[in-house]
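Source file: my_file.txt. Holds: compact mmCIF, C-alpha atoms.
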# COMPACT_ATOMS: atom_id res chain seq x y z
CA MET A 1 -15.74 6.75 34.22
CA ASP A 2 -18.78 4.87 32.91
CA PHE A 3 -18.40 3.25 29.51
CA LEU A 4 -22.00 2.86 28.40
CA ILE A 5 -21.43 0.66 25.35
CA SER A 6 -19.67 -2.17 27.22
CA HIS A 7 -21.55 -1.45 30.49
CA THR A 8 -18.29 -1.13 32.45
CA HIS A 9 -16.88 1.35 34.96
CA ILE A 10 -13.13 1.84 34.47
CA SER A 11 -10.73 4.53 35.69
CA PRO A 12 -9.50 6.63 32.72
CA PHE A 13 -6.07 6.78 34.44
CA TYR A 14 -5.87 2.98 34.28
CA LEU A 15 -6.65 3.07 30.56
CA VAL A 16 -4.22 5.93 29.77
CA ILE A 17 -1.34 4.33 31.71
CA THR A 18 -2.06 0.90 30.20
CA GLY A 19 -2.09 2.53 26.76
CA PHE A 20 1.20 4.31 27.49
CA ILE A 21 2.99 1.09 28.48
CA ILE A 22 1.53 -0.81 25.54
CA GLY A 23 2.48 2.07 23.25
CA ILE A 24 6.14 1.88 24.28
CA LEU A 25 6.22 -1.90 23.83
CA GLY A 26 4.32 -1.74 20.55
CA GLY A 27 6.56 0.93 19.08
CA PHE A 28 9.66 -1.01 20.10
CA PHE A 29 8.63 -4.54 19.09
CA GLY A 30 6.35 -3.69 16.17
CA VAL A 31 3.38 -5.43 17.71
CA GLY A 32 -0.04 -4.05 18.46
CA GLY A 33 0.35 -5.02 22.11
CA SER A 34 -2.84 -7.06 22.27
CA PHE A 35 -1.05 -9.71 24.36
CA LEU A 36 -1.11 -7.09 27.14
CA ALA A 37 -4.03 -4.85 26.13
CA GLY A 38 -6.41 -7.81 25.83
CA PRO A 39 -5.72 -9.20 29.32
CA ALA A 40 -5.62 -5.64 30.76
CA LEU A 41 -9.15 -4.93 29.49
CA PHE A 42 -10.43 -8.38 30.44
CA ALA A 43 -9.03 -7.86 33.94
CA VAL A 44 -11.26 -4.81 34.55
CA GLY A 45 -14.44 -6.49 33.45
CA VAL A 46 -14.72 -5.86 29.71
CA PRO A 47 -16.41 -8.90 28.08
CA MET A 48 -14.00 -10.96 25.94
CA ASN A 49 -15.84 -10.34 22.63
CA MET A 50 -15.70 -6.58 23.41
CA VAL A 51 -12.00 -6.89 24.34
CA VAL A 52 -11.23 -8.34 20.91
CA GLY A 53 -12.90 -5.54 18.92
CA THR A 54 -11.98 -2.62 21.21
CA ASP A 55 -8.33 -3.65 21.24
CA LEU A 56 -8.29 -3.63 17.42
CA ALA A 57 -9.69 -0.07 17.38
CA HIS A 58 -7.07 1.18 19.85
CA ILE A 59 -4.35 -0.47 17.77
CA VAL A 60 -5.39 1.47 14.63
CA GLY A 61 -4.71 4.82 16.31
CA LYS A 62 -1.48 3.72 17.95
CA SER A 63 -0.01 2.04 14.87
CA ILE A 64 -0.45 5.22 12.80
CA VAL A 65 1.97 7.00 15.16
CA ALA A 66 4.55 4.19 15.28
CA THR A 67 4.39 3.51 11.52
CA LYS A 68 5.12 7.13 10.68
CA LYS A 69 8.13 7.04 12.96
CA HIS A 70 9.40 3.72 11.50
CA ARG A 71 8.86 4.96 7.93
CA ALA A 72 11.12 7.92 8.71
CA LEU A 73 13.76 5.43 9.95
CA GLY A 74 13.50 3.40 6.69
CA ASN A 75 12.04 0.34 8.43
CA VAL A 76 8.90 -0.14 6.30
CA ASP A 77 8.76 -2.48 3.25
CA LEU A 78 5.64 -1.13 1.52
CA LYS A 79 5.53 -3.88 -1.13
CA LEU A 80 5.59 -6.63 1.52
CA GLY A 81 3.09 -4.73 3.66
CA PHE A 82 0.51 -4.33 0.89
CA ILE A 83 0.71 -8.02 -0.08
CA MET A 84 0.33 -9.07 3.55
CA VAL A 85 -2.76 -6.92 3.98
CA ILE A 86 -4.68 -9.13 1.50
CA GLY A 87 -3.91 -12.34 3.38
CA THR A 88 -4.50 -10.72 6.78
CA ILE A 89 -7.95 -9.33 5.90
CA ALA A 90 -9.10 -12.76 4.71
CA GLY A 91 -7.79 -14.28 7.94
CA VAL A 92 -9.38 -11.59 10.16
CA GLU A 93 -12.78 -12.33 8.64
CA VAL A 94 -12.37 -16.08 9.33
CA GLY A 95 -11.37 -15.31 12.94
CA ALA A 96 -14.25 -12.84 13.47
CA GLN A 97 -16.74 -15.38 12.11
CA ALA A 98 -15.40 -17.98 14.55
CA ILE A 99 -16.12 -15.53 17.41
CA GLU A 100 -19.67 -15.11 16.06
CA GLN A 101 -20.18 -18.89 16.12
CA LEU A 102 -18.89 -19.08 19.71
CA LYS A 103 -21.22 -16.26 20.86
CA GLN A 104 -24.15 -18.61 20.22
CA PHE A 105 -22.95 -20.69 23.19
CA GLY A 106 -22.89 -17.68 25.55
CA ARG A 107 -20.33 -15.25 26.95
CA ALA A 108 -18.75 -17.88 29.21
CA SER A 109 -17.89 -20.07 26.22
CA VAL A 110 -16.30 -17.18 24.33
CA ASP A 111 -14.25 -16.19 27.39
CA LYS A 112 -13.10 -19.76 28.00
CA VAL A 113 -12.19 -20.75 24.43
CA VAL A 114 -10.55 -17.44 23.50
CA GLY A 115 -8.77 -17.26 26.87
CA ILE A 116 -7.31 -20.77 26.67
CA THR A 117 -6.25 -20.32 23.02
CA PHE A 118 -4.65 -17.01 23.96
CA VAL A 119 -2.63 -18.59 26.79
CA VAL A 120 -1.39 -21.51 24.65
CA VAL A 121 -0.35 -19.20 21.79
CA LEU A 122 1.39 -16.67 24.06
CA ILE A 123 3.40 -19.26 26.01
CA SER A 124 4.42 -21.10 22.81
CA ILE A 125 5.63 -17.91 21.14
CA SER A 126 7.50 -16.75 24.20
CA LEU A 127 9.34 -20.07 24.62
CA PHE A 128 10.19 -20.30 20.94
CA VAL A 129 11.50 -16.74 20.64
CA ALA A 130 13.55 -17.15 23.85
CA TRP A 131 15.15 -20.33 22.58
CA GLU A 132 15.83 -18.94 19.09
CA SER A 133 17.25 -15.59 20.29
CA TRP A 134 19.53 -17.34 22.75
CA GLN A 135 20.78 -19.70 20.03
CA THR A 136 21.45 -16.73 17.73
CA ILE A 137 23.30 -14.74 20.40
CA LYS A 138 25.41 -17.83 21.22
CA MET A 139 26.13 -18.31 17.50
CA GLN A 140 27.19 -14.67 17.16
CA ARG A 141 29.46 -14.86 20.21
CA GLN A 142 31.16 -17.93 18.75
CA ARG A 143 31.57 -16.21 15.39
CA LYS A 144 33.04 -13.14 17.07
CA LEU A 145 35.62 -15.33 18.82
CA ASP A 146 36.41 -17.08 15.54
CA ALA A 147 36.66 -13.74 13.75
CA GLU A 148 39.05 -12.37 16.33
CA LYS A 149 41.25 -15.40 15.80
CA SER A 150 41.17 -15.18 11.99
CA GLY A 151 41.22 -11.34 11.80
CA VAL A 152 37.82 -10.73 10.08
CA GLY A 153 36.90 -7.02 10.02
CA PHE A 154 34.28 -5.27 12.20
CA LYS A 155 32.13 -4.39 9.16
CA GLU A 156 31.64 -8.03 8.17
CA LEU A 157 30.55 -8.91 11.70
CA LYS A 158 28.22 -5.89 11.92
CA ALA A 159 26.45 -6.97 8.71
CA LYS A 160 25.53 -10.29 10.35
CA GLN A 161 24.15 -8.81 13.59
CA ASP A 162 20.54 -9.20 12.48
CA GLU A 163 20.73 -12.86 11.53
CA SER A 164 18.65 -15.63 13.09
CA ALA A 165 19.43 -19.22 14.07
CA PHE A 166 16.48 -20.08 11.81
CA ASP A 167 17.84 -18.45 8.67
CA HIS A 168 17.97 -21.87 6.97
CA ILE A 169 14.15 -22.16 7.19
CA ALA A 170 13.70 -18.77 5.51
CA ARG A 171 16.18 -19.80 2.79
CA ARG A 172 14.16 -22.97 2.14
CA ILE A 173 10.94 -20.96 1.89
CA HIS A 174 12.65 -18.59 -0.56
CA LYS A 175 13.35 -21.65 -2.77
CA ILE A 176 9.65 -22.61 -3.02
CA ASN A 177 8.96 -21.93 -6.67
CA ILE A 178 5.23 -21.20 -6.93
CA PRO A 179 4.62 -18.22 -9.24
CA PRO A 180 4.32 -15.30 -9.02
CA MET A 181 7.81 -14.83 -7.55
CA ILE A 182 8.83 -11.35 -6.40
CA LYS A 183 11.84 -9.48 -5.05
CA LEU A 184 11.57 -7.52 -1.77
CA ARG A 185 14.23 -4.87 -2.15
CA ALA A 186 13.63 -3.08 1.17
CA SER A 187 13.82 -6.40 3.07
CA GLY A 188 16.84 -7.69 1.15
CA VAL A 189 14.90 -10.77 -0.07
CA GLN A 190 15.96 -11.64 -3.62
CA ARG A 191 13.17 -14.04 -4.56
CA ILE A 192 10.05 -15.26 -2.75
CA SER A 193 6.66 -16.65 -3.73
CA VAL A 194 3.72 -14.29 -3.17
CA TRP A 195 1.80 -17.33 -1.86
CA ALA A 196 4.27 -17.81 1.00
CA ILE A 197 3.70 -14.20 2.09
CA LEU A 198 -0.08 -14.54 1.76
CA LEU A 199 -0.13 -17.75 3.82
CA VAL A 200 1.87 -16.21 6.68
CA ALA A 201 -0.42 -13.15 6.62
CA PHE A 202 -3.58 -15.29 6.49
CA ILE A 203 -2.59 -17.29 9.58
CA GLY A 204 -1.73 -14.06 11.42
CA GLY A 205 -5.10 -12.65 10.34
CA ILE A 206 -7.02 -15.61 11.79
CA PHE A 207 -5.35 -15.02 15.16
CA SER A 208 -6.05 -11.30 14.85
CA GLY A 209 -9.76 -11.83 14.21
CA PHE A 210 -10.14 -14.55 16.83
CA LEU A 211 -7.92 -13.29 19.68
CA GLY A 212 -8.03 -9.57 18.94
CA GLY A 213 -5.24 -7.12 18.30
CA GLY A 214 -3.05 -7.03 15.23
CA ALA A 215 -1.52 -10.46 15.98
CA GLY A 216 1.92 -8.89 15.59
CA TYR A 217 3.11 -11.38 18.24
CA ILE A 218 2.67 -14.03 15.53
CA ARG A 219 3.40 -12.02 12.39
CA MET A 220 6.56 -10.24 13.52
CA PRO A 221 8.40 -13.48 14.45
CA ALA A 222 6.93 -15.18 11.33
CA MET A 223 8.32 -12.44 9.07
CA VAL A 224 11.76 -12.86 10.63
CA TYR A 225 11.90 -16.66 10.83
CA LEU A 226 9.81 -17.75 7.83
CA LEU A 227 10.14 -14.91 5.32
CA GLY A 228 13.73 -13.93 6.24
CA VAL A 229 12.96 -10.23 6.77
CA PRO A 230 15.44 -8.29 8.98
CA THR A 231 14.01 -7.64 12.46
CA HIS A 232 13.92 -3.82 12.13
CA VAL A 233 12.08 -4.03 8.81
CA ALA A 234 9.73 -6.71 10.21
CA VAL A 235 8.86 -4.35 13.08
CA GLY A 236 8.11 -1.37 10.80
CA THR A 237 6.33 -3.36 8.09
CA ASP A 238 4.20 -5.19 10.63
CA LEU A 239 3.03 -1.89 12.09
CA PHE A 240 2.19 -0.53 8.62
CA GLU A 241 0.26 -3.68 7.82
CA VAL A 242 -1.50 -3.55 11.19
CA VAL A 243 -2.87 -0.04 10.45
CA ILE A 244 -4.76 -1.39 7.43
CA SER A 245 -5.79 -4.81 8.73
CA ALA A 246 -6.80 -3.52 12.18
CA SER A 247 -8.93 -0.82 10.49
CA TYR A 248 -10.79 -3.56 8.65
CA GLY A 249 -11.00 -5.59 11.87
CA THR A 250 -12.42 -2.58 13.73
CA LEU A 251 -15.12 -2.09 11.10
CA THR A 252 -16.20 -5.71 10.96
CA HIS A 253 -16.18 -6.11 14.77
CA ALA A 254 -17.99 -2.77 15.33
CA ILE A 255 -20.79 -3.83 12.98
CA LYS A 256 -21.10 -7.03 15.05
CA GLY A 257 -21.31 -4.89 18.24
CA ASN A 258 -17.88 -5.88 19.60
CA VAL A 259 -16.25 -2.41 19.87
CA ASP A 260 -16.48 0.12 22.72
CA ILE A 261 -14.80 2.99 20.90
CA MET A 262 -14.80 5.17 24.05
CA ILE A 263 -12.42 2.76 25.79
CA ALA A 264 -10.22 2.66 22.68
CA LEU A 265 -10.08 6.47 22.44
CA VAL A 266 -9.08 6.93 26.08
CA MET A 267 -6.45 4.14 25.92
CA HIS A 268 -5.01 5.57 22.75
CA THR A 269 -4.22 8.95 24.34
CA GLY A 270 -1.55 7.17 26.41
CA ALA A 271 -0.46 4.87 23.60
CA ALA A 272 0.25 7.76 21.20
CA ILE A 273 3.15 9.14 23.22
CA GLY A 274 4.36 5.67 24.22
CA ALA A 275 4.56 4.53 20.58
CA GLN A 276 6.87 7.45 19.68
CA ILE A 277 9.21 6.57 22.54
CA GLY A 278 9.23 2.84 21.67
CA ALA A 279 9.90 3.40 17.96
CA THR A 280 12.81 5.73 18.74
CA ALA A 281 14.33 3.13 21.09
CA THR A 282 14.72 0.56 18.26
CA GLU A 283 17.63 2.65 16.94
CA TYR A 284 19.75 1.53 19.90
CA PHE A 285 19.25 -2.28 19.79
CA HIS A 286 20.15 -5.14 17.41
CA GLY A 287 17.86 -7.90 16.06
CA PRO A 288 18.36 -10.88 18.44
CA ARG A 289 18.42 -8.60 21.49
CA ILE A 290 15.11 -6.98 20.47
CA ARG A 291 13.64 -10.48 20.13
CA LEU A 292 15.06 -11.65 23.47
CA ALA A 293 13.64 -8.59 25.25
CA PHE A 294 10.25 -9.49 23.70
CA VAL A 295 10.11 -12.83 25.57
CA PRO A 296 8.60 -11.79 28.96
CA LEU A 297 5.76 -9.79 27.41
CA PRO A 298 3.56 -12.62 26.12
CA LEU A 299 4.15 -14.43 29.43
CA ILE A 300 2.79 -11.46 31.40
CA GLY A 301 -0.30 -11.44 29.17
CA ALA A 302 -0.71 -15.21 29.63
CA ALA A 303 -0.42 -14.90 33.43
CA ILE A 304 -3.20 -12.27 33.54
CA VAL A 305 -5.53 -14.39 31.40
CA ILE A 306 -4.81 -17.53 33.48
CA TYR A 307 -5.65 -15.58 36.65
CA GLY A 308 -8.92 -14.39 35.13
CA LEU A 309 -9.85 -17.90 33.93
CA LEU A 310 -8.98 -19.68 37.18
CA SER A 311 -10.47 -17.18 39.62
CA GLY A 312 -13.47 -16.38 37.47
CA GLU A 313 -13.10 -12.83 38.81
CA ASN A 314 -11.76 -9.62 37.41
CA LEU A 315 -8.69 -7.90 38.85
CA LYS A 316 -10.65 -4.70 39.41
CA MET B 1 22.11 18.86 17.03
CA LYS B 2 22.00 16.19 19.71
CA LEU B 3 20.91 17.07 23.25
CA LYS B 4 22.97 16.17 26.35
CA PRO B 5 21.38 13.18 28.19
CA SER B 6 20.30 15.28 31.24
CA LEU B 7 18.82 17.99 29.01
CA ALA B 8 17.05 15.41 26.86
CA ALA B 9 15.58 13.75 29.98
CA ARG B 10 14.35 17.12 31.28
CA SER B 11 12.81 17.98 27.89
CA PHE B 12 11.13 14.61 27.78
CA LEU B 13 9.72 15.05 31.29
CA ILE B 14 8.33 18.49 30.40
CA GLU B 15 6.78 17.03 27.27
CA LEU B 16 5.13 14.28 29.31
CA ILE B 17 3.66 16.78 31.81
CA VAL B 18 2.31 19.08 29.06
CA TYR B 19 0.95 16.08 27.20
CA ALA B 20 -0.68 14.65 30.36
CA ALA B 21 -2.46 17.99 30.98
CA LEU B 22 -3.72 18.11 27.39
CA VAL B 23 -4.90 14.50 27.58
CA ALA B 24 -6.71 15.04 30.89
CA ALA B 25 -8.62 18.01 29.45
CA TYR B 26 -9.39 16.07 26.27
CA VAL B 27 -10.68 12.98 28.11
CA LEU B 28 -12.84 15.01 30.49
CA PHE B 29 -14.45 17.38 27.99
CA VAL B 30 -14.36 15.96 24.45
CA ILE B 31 -14.56 12.20 25.05
CA GLY B 32 -16.93 12.68 27.99
CA LEU B 33 -19.35 14.55 25.74
CA LEU B 34 -19.23 11.87 23.04
CA ASN B 35 -20.11 9.02 25.44
CA ALA B 36 -23.91 9.24 25.43
CA TRP B 37 -24.18 10.15 21.75
CA LEU B 38 -22.05 7.18 20.65
CA HIS B 39 -24.03 4.86 22.93
CA GLY B 40 -27.25 5.93 21.20
CA LEU B 41 -25.67 5.39 17.80
CA TYR B 42 -24.40 1.95 18.89
CA ASP B 43 -27.93 0.92 19.89
CA HIS B 44 -29.68 2.21 16.76
CA ASN B 45 -27.32 1.96 13.78
CA LYS B 46 -24.30 -0.36 14.10
CA THR B 47 -23.01 0.30 10.56
CA LEU B 48 -22.90 4.07 11.05
CA TYR B 49 -21.42 3.52 14.51
CA ALA B 50 -18.66 1.34 12.99
CA ILE B 51 -17.76 3.97 10.37
CA ILE B 52 -17.72 6.82 12.91
CA ALA B 53 -15.73 4.72 15.39
CA LEU B 54 -13.04 4.08 12.78
CA LEU B 55 -12.96 7.72 11.69
CA LEU B 56 -12.66 8.88 15.30
CA ILE B 57 -9.70 6.63 16.13
CA ILE B 58 -7.90 7.46 12.85
CA THR B 59 -8.44 11.21 13.37
CA GLN B 60 -7.25 10.96 16.96
CA GLY B 61 -4.21 8.94 15.80
CA VAL B 62 -3.20 11.55 13.23
CA VAL B 63 -3.87 14.54 15.51
CA LEU B 64 -2.04 13.08 18.53
CA GLU B 65 0.91 12.15 16.31
CA MET B 66 1.10 15.80 15.21
CA VAL B 67 0.71 17.06 18.80
CA THR B 68 3.45 14.79 20.22
CA SER B 69 5.85 15.59 17.33
CA PHE B 70 5.16 19.33 17.71
CA LEU B 71 5.73 19.24 21.48
CA LEU B 72 8.98 17.35 21.03
CA LYS B 73 10.21 19.84 18.42
CA LEU B 74 9.16 22.86 20.48
CA ILE B 75 10.89 21.67 23.64
CA ARG B 76 14.06 20.78 21.74
CA LEU B 77 14.16 24.24 20.17
CA ARG B 78 13.85 25.86 23.59
CA SER B 79 16.56 23.60 25.03
CA ASP B 80 18.93 24.52 22.17

Would you mind writing the file's structure down as structure tokens?
Amino acid sequence: MDFLISHTHISPFYLVITGFIIGILGGFFGVGGSFLAGPALFAVGVPMNMVVGTDLAHIVGKSIVATKKHRALGNVDLKLGFIMVIGTIAGVEVGAQAIEQLKQFGRASVDKVVGITFVVVLISISLFVAWESWQTIKMQRQRKLDAEKSGVGFKELKAKQDESAFDHIARRIHKINIPPMIKLRASGVQRISVWAILLVAFIGGIFSGFLGGGAGYIRMPAMVYLLGVPTHVAVGTDLFEVVISASYGTLTHAIKGNVDIMIALVMHTGAAIGAQIGATATEYFHGPRIRLAFVPLPLIGAAIVIYGLLSGENLK
Amino acid sequence: MKLKPSLAARSFLIELIVYAALVAAYVLFVIGLLNAWLHGLYDHNKTLYAIIALLLIITQGVVLEMVTSFLLKLIRLRSD
């Protein structure tokens, strides 16, 4: 099928199947899936600036499906989501402007800078999440052994299943006393500065605008490790926030000519069904195991981008 | 009422096949027809193109969510 806006020829089956896989992963991990969608589009010849904007558009459609499902499961903290939107939109604009500056140096420069940044970010996140999840699972195993010895009940252990080895960092951030301070009832956070939430969202937004996608691969772990939000709620809230911020990102990128909406529409037909399946699957897994299962995904995305950068050719 | 695993898998497979047929028809006819018109819009008015692009993906998101939920419900009812 010819996609006239991006001047590419891509099989619709490739796009639908890619969307389906990304939909499952996105619904399960609460991420837009740009760490796979971006490289998948780049691999079939879509220019990197077009990849960034088109991926954002596809994420809008997909996140609507997954958010509705997560909302029904009680996994969305609306208060946190609305505050994060403000920081994310500001960050997206900064990221999109950076892409505009790079475009002045030609397509090759955009591809190289965005590609290398993408690889570094993906590998760093993957290694960090792997290390943290493993530490948490080890900690839980030890506690279970201790509990069996001392006779602590199953309920008390169950309540701690969604903890993180980095809980102490979140507790420190909760103590930062810069008004206004708020309570996030749905996330179980008693007191946190609005500025801490805005800063996390702003940084995620910069990555979203610069690398494409909703940047859930940064925001979801950041919500868990820095803001102390339970993993299930981080997944649902991130998706809700992504609907709004990716809509803004789509608009701003489309005005700059970076969106091939035809590609996004075809990809989304597969993602819609995948997102429902992924969101349903979160009911059967606990926090650290969801995070550990997340680890290979950014690495796959990084491998595809490295191949594209080194060979200078598309996978098509 | 919860479905048995084999029944649930069969229902899911049927849903996927029905959905795939609907998607194929949609991609070929509806999206295929939009291609040239959107390209013209992209070349001549980027702001209008951006607004329509966003509306299209949101509408498709909402409609496909309804379609997938409806199919799931329908197949479950038949299986019961």

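Within 8 Å of chain B, and counting all atoms listed in the file, chain A contributes A:Phe3, A:Leu4, A:Ile5, A:Pro12, A:Ala57, A:His58, A:Val60, A:Gly61, A:Lys62, A:Ile64, A:Val65, A:Ser247, A:Thr250, A:Leu251, A:Thr252, A:Ala254, A:Ile255, A:Lys256, A:Gly257, A:Ile261, A:Met262, A:Ala264, A:Leu265, A:Val266, A:His268, A:Thr269, A:Ala272, A:Ile273.
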
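Across the model, the gap from CA of Ala130 (chain A) to CA of Phe82 (chain A) is 29.4 Å.
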
**Message:** What's around Ile116 (chain A) at 10 Å? Count all atoms listed in the file, leave out sequence neighbours fewer than 4 positions away in its own chain, and write the answer as a ChimeraX atom specification.
**Reply:** /A:110-112,120-122,302,305-306,309

**Asked** Neighbours of Pro39 (chain A) within 12 Å (only C-alpha atoms; same-chain residues fewer than 5 positions away dropped), as a PyMOL selection string?
**Response** chain A and resi 18+22+33-34+44-48+50-52+55+111+114-116+118-119+122+211-213+297-309+314-315

**Message:** Between CA of Leu25 (chain A) and CA of Gly278 (chain A), what is the distance in Å, rounded to a tenth?
**Reply:** 6.0 Å

**Fill in**
Of A:Ile206, A:Met1, A:Ile10, A:Leu198, the one sitting nearest Ala96 (chain A) when using all atoms listed in the file is A:Ile206

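For the point (15.9, -8.5, 1.3), the residues with at least one atom inside 10 Å, counting all atoms listed in the file, are Asp77, Lys183, Leu184, Arg185, Ala186, Ser187, Gly188, Val189, Gln190, Arg191, Ile192, Leu227, Gly228, Val229, Pro230 and Val233 of chain A.
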